[in-house]
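Visitor: Just one file: my_file07.tsv, with TSV, C-alpha atoms.
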```
chain	number	residue	atom	x	y	z
I	1	MET	CA	77.02	90.96	86.07
I	2	ARG	CA	78.92	88.32	88.00
I	3	VAL	CA	82.62	89.10	88.35
I	4	LEU	CA	85.29	86.61	89.41
I	5	VAL	CA	88.43	88.36	90.73
I	6	LEU	CA	91.53	86.22	91.18
I	7	ALA	CA	93.97	87.68	93.70
I	8	PRO	CA	96.39	85.03	94.92
I	9	GLY	CA	99.49	86.30	96.66
I	10	THR	CA	100.16	88.50	99.66
I	11	ARG	CA	98.25	91.31	101.35
I	12	GLY	CA	99.68	93.61	98.69
I	13	ASP	CA	97.76	91.61	96.09
I	14	ALA	CA	94.53	91.07	98.03
I	15	ALA	CA	93.98	94.61	99.32
I	16	PRO	CA	93.98	96.39	95.92
I	17	ALA	CA	91.87	93.59	94.43
I	18	ALA	CA	89.33	94.17	97.19
I	19	GLY	CA	89.29	97.87	96.34
I	20	LEU	CA	88.56	96.99	92.72
I	21	ALA	CA	85.90	94.50	93.81
I	22	ALA	CA	84.26	97.14	96.01
I	23	ALA	CA	83.91	99.41	92.98
I	24	PHE	CA	82.10	96.66	91.08
I	25	VAL	CA	79.84	96.00	94.06
I	26	ALA	CA	79.03	99.71	94.30
I	27	ASP	CA	77.92	99.58	90.66
I	28	GLY	CA	75.51	96.75	91.46
I	29	HIS	CA	77.53	93.72	90.37
I	30	ASP	CA	78.01	90.41	92.19
I	31	VAL	CA	81.68	89.77	92.91
I	32	THR	CA	83.59	86.71	94.09
I	33	LEU	CA	87.13	87.32	95.33
I	34	VAL	CA	89.62	84.44	95.35
I	35	ALA	CA	92.35	85.38	97.83
I	36	GLY	CA	94.28	84.05	100.81
I	37	ALA	CA	92.33	82.85	103.82
I	38	ASP	CA	93.98	85.55	105.95
I	39	TYR	CA	92.35	88.27	103.84
I	40	ALA	CA	88.70	87.39	104.29
I	41	ALA	CA	88.07	90.73	106.01
I	42	TYR	CA	88.91	92.56	102.79
I	43	ALA	CA	86.22	90.65	100.91
I	44	ILE	CA	83.69	91.24	103.69
I	45	ASP	CA	84.41	94.98	103.75
I	46	ALA	CA	84.13	95.10	99.96
I	47	GLY	CA	80.73	93.40	100.08
I	48	CYS	CA	81.72	90.42	97.98
I	49	ALA	CA	81.98	86.66	98.41
I	50	HIS	CA	85.34	85.21	99.42
I	51	VAL	CA	86.78	81.90	98.24
I	52	ALA	CA	89.81	81.20	100.42
I	53	ILE	CA	93.21	79.94	99.33
I	54	THR	CA	94.39	77.99	102.36
I	55	ALA	CA	97.90	77.06	101.19
I	56	SER	CA	101.00	78.87	102.47
I	57	MET	CA	103.54	80.62	100.26
I	58	THR	CA	106.43	79.83	102.61
I	59	PRO	CA	108.07	76.56	103.64
I	60	PRO	CA	106.95	74.87	106.89
I	61	GLY	CA	108.64	76.28	109.98
I	62	VAL	CA	109.37	79.73	108.62
I	63	HIS	CA	106.80	81.45	110.86
I	64	ASP	CA	107.06	79.28	113.97
I	65	GLY	CA	110.33	80.72	115.24
I	66	THR	CA	112.46	77.71	114.26
I	67	GLU	CA	114.46	79.44	111.55
I	68	ASN	CA	117.72	81.17	112.37
I	69	ASP	CA	120.27	80.84	109.61
I	70	GLU	CA	121.58	78.29	107.11
I	71	ARG	CA	123.59	76.48	109.78
I	72	SER	CA	120.40	75.82	111.77
I	73	GLY	CA	118.64	74.33	108.75
I	74	ALA	CA	116.62	77.38	107.66
I	75	PRO	CA	114.86	76.82	104.31
I	76	GLY	CA	116.88	77.69	101.24
I	77	VAL	CA	115.93	78.92	97.78
I	78	ARG	CA	114.81	75.48	96.62
I	79	ALA	CA	112.46	75.12	99.56
I	80	TYR	CA	110.91	78.52	98.88
I	81	LEU	CA	110.46	77.74	95.17
I	82	ALA	CA	108.88	74.40	96.02
I	83	SER	CA	106.44	76.12	98.39
I	84	LEU	CA	105.61	78.72	95.75
I	85	ARG	CA	104.84	76.04	93.19
I	86	GLU	CA	102.61	74.25	95.69
I	87	TYR	CA	100.89	77.53	96.56
I	88	MET	CA	100.32	78.40	92.90
I	89	ASP	CA	98.87	74.96	92.27
I	90	ALA	CA	96.54	75.29	95.26
I	91	ALA	CA	95.51	78.78	94.16
I	92	ALA	CA	94.65	77.44	90.69
I	93	SER	CA	92.53	74.68	92.25
I	94	THR	CA	90.73	77.28	94.37
I	95	ALA	CA	90.07	79.38	91.26
I	96	LEU	CA	88.60	76.33	89.52
I	97	SER	CA	86.35	75.70	92.52
I	98	ALA	CA	85.03	79.27	92.21
I	99	VAL	CA	83.75	78.61	88.69
I	100	GLY	CA	80.50	77.53	90.36
I	101	SER	CA	79.73	81.23	90.76
I	102	SER	CA	79.06	81.23	86.98
I	103	PRO	CA	81.06	84.40	86.27
I	104	ASP	CA	80.30	86.66	83.33
I	105	VAL	CA	83.87	87.98	83.37
I	106	VAL	CA	87.16	86.90	84.97
I	107	LEU	CA	89.85	89.29	86.22
I	108	THR	CA	93.35	87.97	86.79
I	109	ASN	CA	96.42	89.32	88.52
I	110	ALA	CA	100.07	88.85	87.56
I	111	ILE	CA	100.35	85.34	89.05
I	112	SER	CA	96.96	83.94	87.99
I	113	PRO	CA	97.03	83.96	84.17
I	114	TYR	CA	95.16	80.64	84.27
I	115	GLY	CA	92.08	82.82	84.87
I	116	HIS	CA	92.15	83.56	81.14
I	117	ASP	CA	92.05	79.81	80.48
I	118	ILE	CA	89.05	79.50	82.79
I	119	ALA	CA	87.31	82.31	80.92
I	120	GLU	CA	88.17	80.68	77.60
I	121	HIS	CA	86.58	77.43	78.80
I	122	LEU	CA	83.46	79.25	80.00
I	123	GLY	CA	83.20	81.34	76.85
I	124	VAL	CA	83.28	84.63	78.77
I	125	PRO	CA	85.66	87.60	78.50
I	126	SER	CA	88.63	88.12	80.77
I	127	ALA	CA	90.99	90.98	81.57
I	128	ALA	CA	94.21	91.43	83.49
I	129	ALA	CA	94.21	93.68	86.57
I	130	LEU	CA	97.85	94.36	87.37
I	131	LEU	CA	99.72	96.35	90.00
I	132	GLN	CA	102.94	96.60	87.98
I	133	PRO	CA	103.46	97.18	84.27
I	134	ALA	CA	104.26	93.87	82.56
I	135	GLU	CA	103.92	94.73	78.87
I	136	PRO	CA	107.32	94.95	77.15
I	137	SER	CA	108.04	98.64	76.71
I	138	SER	CA	110.92	100.98	76.03
I	139	ALA	CA	109.80	103.09	79.02
I	140	TYR	CA	110.77	100.65	81.79
I	141	PRO	CA	112.67	97.37	82.38
I	142	PRO	CA	110.89	94.11	83.21
I	143	MET	CA	109.93	93.62	86.84
I	144	ILE	CA	112.73	91.11	87.45
I	145	ALA	CA	115.22	93.90	86.64
I	146	ALA	CA	113.16	96.83	87.93
I	147	THR	CA	115.99	98.42	89.88
I	148	ARG	CA	117.96	99.19	86.71
I	149	ASP	CA	116.82	101.22	83.72
I	150	LEU	CA	118.25	99.41	80.71
I	151	TYR	CA	117.42	102.28	78.33
I	152	PRO	CA	114.74	102.18	75.60
I	153	ILE	CA	115.89	99.46	73.19
I	154	SER	CA	117.26	97.19	75.91
I	155	ASN	CA	114.19	97.73	78.13
I	156	ARG	CA	111.87	96.47	75.42
I	157	LEU	CA	114.13	93.56	74.46
I	158	ALA	CA	114.56	92.52	78.09
I	159	GLY	CA	110.80	92.73	78.59
I	160	ALA	CA	110.21	90.38	75.67
I	161	LEU	CA	112.83	87.94	76.95
I	162	ALA	CA	111.39	88.05	80.49
I	163	GLU	CA	108.09	86.71	79.19
I	164	ARG	CA	109.89	83.48	78.27
I	165	VAL	CA	111.31	82.94	81.76
I	166	ARG	CA	109.80	79.95	83.56
I	167	THR	CA	107.67	80.83	86.58
I	168	PRO	CA	106.31	78.91	89.61
I	169	TYR	CA	102.79	79.21	88.15
I	170	ASP	CA	103.57	77.69	84.75
I	171	PRO	CA	102.73	74.13	85.93
I	172	ALA	CA	99.43	75.41	87.37
I	173	CYS	CA	98.53	77.05	84.04
I	174	ALA	CA	99.28	73.81	82.18
I	175	ARG	CA	97.20	71.75	84.62
I	176	VAL	CA	94.22	74.11	84.40
I	177	ARG	CA	94.19	73.90	80.61
I	178	ALA	CA	94.42	70.11	80.77
I	179	GLU	CA	91.63	69.78	83.33
I	180	LEU	CA	89.38	72.06	81.28
I	181	GLY	CA	90.00	70.09	78.11
I	182	LEU	CA	91.86	72.91	76.36
I	183	LEU	CA	94.75	72.28	74.01
I	184	PRO	CA	98.22	72.51	75.58
I	185	GLU	CA	99.80	75.93	75.14
I	186	PRO	CA	102.94	77.44	76.70
I	187	ARG	CA	102.27	80.54	78.77
I	188	SER	CA	104.41	82.75	76.53
I	189	THR	CA	102.48	81.57	73.47
I	190	ALA	CA	99.18	82.26	75.23
I	191	GLN	CA	100.38	85.76	76.14
I	192	ARG	CA	101.17	86.57	72.52
I	193	ARG	CA	97.87	85.14	71.32
I	194	ARG	CA	95.85	87.16	73.82
I	195	ARG	CA	97.82	90.29	73.02
I	196	ARG	CA	96.96	89.90	69.33
I	197	ALA	CA	93.31	89.36	70.30
I	198	GLY	CA	93.28	92.65	72.23
I	199	LEU	CA	93.08	91.36	75.81
I	200	PRO	CA	92.38	94.39	78.07
I	201	VAL	CA	95.04	95.06	80.69
I	202	HIS	CA	94.13	97.43	83.53
I	203	HIS	CA	96.73	98.80	85.91
I	204	GLY	CA	96.04	99.98	89.47
I	205	ILE	CA	98.66	102.68	89.05
I	206	SER	CA	98.39	106.47	88.98
I	207	THR	CA	99.74	108.39	86.00
I	208	ALA	CA	101.46	110.61	88.58
I	209	VAL	CA	103.67	107.60	89.36
I	210	LEU	CA	103.91	106.07	85.88
I	211	PRO	CA	103.26	108.44	82.97
I	212	ARG	CA	101.56	106.51	80.18
I	213	PRO	CA	104.29	105.00	77.98
I	214	ALA	CA	104.19	106.22	74.40
I	215	ASP	CA	104.50	102.70	72.98
I	216	TRP	CA	101.47	101.28	74.83
I	217	SER	CA	98.47	100.18	72.77
I	218	ASP	CA	94.92	101.29	73.57
I	219	ARG	CA	94.16	98.00	75.32
I	220	LEU	CA	96.42	99.00	78.24
I	221	THR	CA	95.05	101.52	80.73
I	222	LEU	CA	96.27	103.27	83.88
I	223	ASP	CA	93.24	103.39	86.18
I	224	GLY	CA	94.67	104.95	89.35
I	225	PHE	CA	95.29	103.14	92.62
I	226	TRP	CA	92.72	100.59	93.82
I	227	CYS	CA	92.41	101.24	97.55
I	228	PRO	CA	90.54	98.77	99.77
I	229	PRO	CA	87.46	100.12	101.58
I	230	PRO	CA	88.18	101.33	105.12
I	231	ARG	CA	87.19	99.03	107.96
I	232	PRO	CA	83.97	100.13	109.71
I	233	GLY	CA	84.82	102.16	112.79
I	234	TRP	CA	88.52	102.25	111.96
I	235	GLY	CA	90.61	105.06	113.41
I	236	PRO	CA	94.31	105.70	113.82
I	237	SER	CA	96.06	104.58	116.98
I	238	ALA	CA	96.65	107.01	119.81
I	239	GLU	CA	100.26	107.45	118.71
I	240	LEU	CA	99.04	108.78	115.35
I	241	THR	CA	96.22	110.94	116.69
I	242	PRO	CA	97.19	114.58	117.31
I	243	SER	CA	96.70	115.64	120.90
I	244	SER	CA	93.82	118.06	121.48
I	245	THR	CA	95.86	119.76	124.17
I	246	PRO	CA	98.65	121.97	122.83
I	247	GLY	CA	102.03	121.13	124.17
I	248	PRO	CA	104.38	123.56	125.90
I	249	ARG	CA	105.87	126.30	123.78
I	250	PRO	CA	109.58	125.93	123.16
I	251	SER	CA	111.65	128.37	125.17
I	252	SER	CA	113.24	131.21	123.23
```
Could you show the structure in this file as C-alpha cells?

Guide:
Amino acid sequence: MRVLVLAPGTRGDAAPAAGLAAAFVADGHDVTLVAGADYAAYAIDAGCAHVAITASMTPPGVHDGTENDERSGAPGVRAYLASLREYMDAAASTALSAVGSSPDVVLTNAISPYGHDIAEHLGVPSAAALLQPAEPSSAYPPMIAATRDLYPISNRLAGALAERVRTPYDPACARVRAELGLLPEPRSTAQRRRRRAGLPVHHGISTAVLPRPADWSDRLTLDGFWCPPPRPGWGPSAELTPSSTPGPRPSS
C-alpha cells in the first residue's frame, strides 16, 4: 500500500508524523511524507520519501536578528497571519505535487484537511491523524480555548462553534477543490459531511493523558503517542550521561 502522510507545520507536527510513517514502513508499506524542508532527517530515519515544503511560517526578518519590539518595526499579528496563509497555500501546493506517488490512502493532520479533498479526487480513502482532540465533546473545550474547561454543555457547544471559525488554511482548501475540479464546499460543511460518512480520526495521544471521552463515536481512536525513530548512533550529551566514577560522599 502507498501511503501519503501530510504533516505541514512545525517540528511538533513532523516528528510524530514520521513516527507514524515509520510504523507503516515497518509493516511493508511505501510512505511519502510531506513536511517542512528542515525535517528531511525525520523522513530519512523513518525510511520514507520526503516531499519538502520550502515556505516559511514566519514573516521575513523574524529569524535574522532584526526584530526587537514594535517600535523597531517587528512584525505584528497581521504579518504573522499573512505568512501563515502563504505557508498554508504553499503546503497545499506541495501536497498536490505529491499526488504523483499515486497513494492508496491519504492521512491528514489538523492543518491539512485539503488532503481529504485530494483523496476524494483520487477516489481513495483518507483519515485524519491528529495530535489534539478536535471533535466537539463535552469532555474538553476546543483547542482555541484549551486553557479553560467550559464544563460539559458549554464545551460541546464551544467545540461546534469553533469549527465555524475561519482559519489560515481555508483559502488553501478552497483552491485545492477548485484545481481538482471538485464542487465548492466550505470547510465546516465538508467536516460535517465527512463525519456523517464515518471518516476515521486517529489521535497520537495516550489514554493515560486523555481518557476516552464517553461521547466519542467508534470512528475516533486514541492510538498512543507516535514517537519518531531514534537517529542512528544517537546518544545523550555528556551533561546528561551519568558519570561512571562515583562522586565524593557528602560529609555527615

Visitor: Using all atoms listed in the file, which protein or nucleic acid residues come within 9 Å of range 173-179 of chain I? Drop anything in the same chain fewer than 5 positions from it, and give the result as a PyMOL selection string.

Guide: chain I and resi 89+92-93+96+112-115+117-118+121+184-187

Visitor: Which residues, written as a list in words, have at least one atom at most 7 Å from Val5 in chain I, with only C-alpha atoms counted and residues fewer than 2 positions away on the same chain left out?

Guide: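 The residues that qualify are Val3, Ala7, Thr32, Leu33, Val34, Val106, Leu107 and Thr108 of chain I.
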
Visitor: Save the residues we just selected, C-alpha atoms, as a PDB file, in the coordinates of the input?

Guide:
```pdb
ATOM      1  CA  VAL I   3      82.620  89.100  88.350  1.00  0.00           C
ATOM      2  CA  ALA I   7      93.970  87.680  93.700  1.00  0.00           C
ATOM      3  CA  THR I  32      83.590  86.710  94.090  1.00  0.00           C
ATOM      4  CA  LEU I  33      87.130  87.320  95.330  1.00  0.00           C
ATOM      5  CA  VAL I  34      89.620  84.440  95.350  1.00  0.00           C
ATOM      6  CA  VAL I 106      87.160  86.900  84.970  1.00  0.00           C
ATOM      7  CA  LEU I 107      89.850  89.290  86.220  1.00  0.00           C
ATOM      8  CA  THR I 108      93.350  87.970  86.790  1.00  0.00           C
TER       9      THR I 108
END
```

Visitor: Mind checking which residues fall within 12 Å of Ile153 in chain I, counting only C-alpha atoms, ignoring those fewer than 3 positions away in the same chain, and posting them as a list in words?

Guide: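 Once the nearby chain positions are removed, what remains is Pro136, Ser137, Ser138, Ala139, Tyr140, Pro141, Asp149, Leu150, Arg156, Leu157, Ala158, Gly159, Ala160 and Asp215 of chain I.
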
Visitor: I'd like the neighbourhood of Cys48 in chain I as a PyMOL selection string, where a residue qualifies if any of its atoms comes within 10 Å (using all atoms listed in the file), though same-chain residues fewer than 3 positions away should be ignored.

Guide: chain I and resi 3+18+21-22+24-25+29-33+40+42-45+51

Visitor: Taking into account all atoms listed in the file, which residue in the set I:Ala190, I:Ala23, I:Ala214, I:Ala208 is nearest to Ala46 in chain I?

Guide: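 Checking each candidate against Ala46 in chain I, we get I:Ala23 as the closest.
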
Visitor: Which of these, I:Arg85, I:Arg212, I:Arg166, I:Arg194, has the shortest distance to Pro125 in chain I once you count only C-alpha atoms?

Guide: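 Among the listed residues, I:Arg194 lies closest to Pro125 in chain I.
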
Visitor: Rounded to one decimal, what separation in Å do you get between CA of Ser83 in chain I and CA of Glu163 in chain I?

Guide: 22.0 Å

Visitor: Can you work out the spacing between CA of Asp104 in chain I and CA of Met1 in chain I in Å, to one decimal?

Guide: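 Distance between the two atoms: 6.1 Å.
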
Visitor: So which residues touch Pro228 in chain I within 6 Å, counting only C-alpha atoms, skipping near sequence neighbours fewer than 4 positions away, as a PyMOL selection string?

Guide: chain I and resi 15-16+18-19

Visitor: Ranking I:Tyr80, I:Pro152, I:Leu122, I:Ala17 by minimum distance to Pro213 in chain I and counting all atoms listed in the file, which one comes first?

Guide: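 Looking only at the distances to Pro213 in chain I, the closest residue turns out to be I:Pro152.
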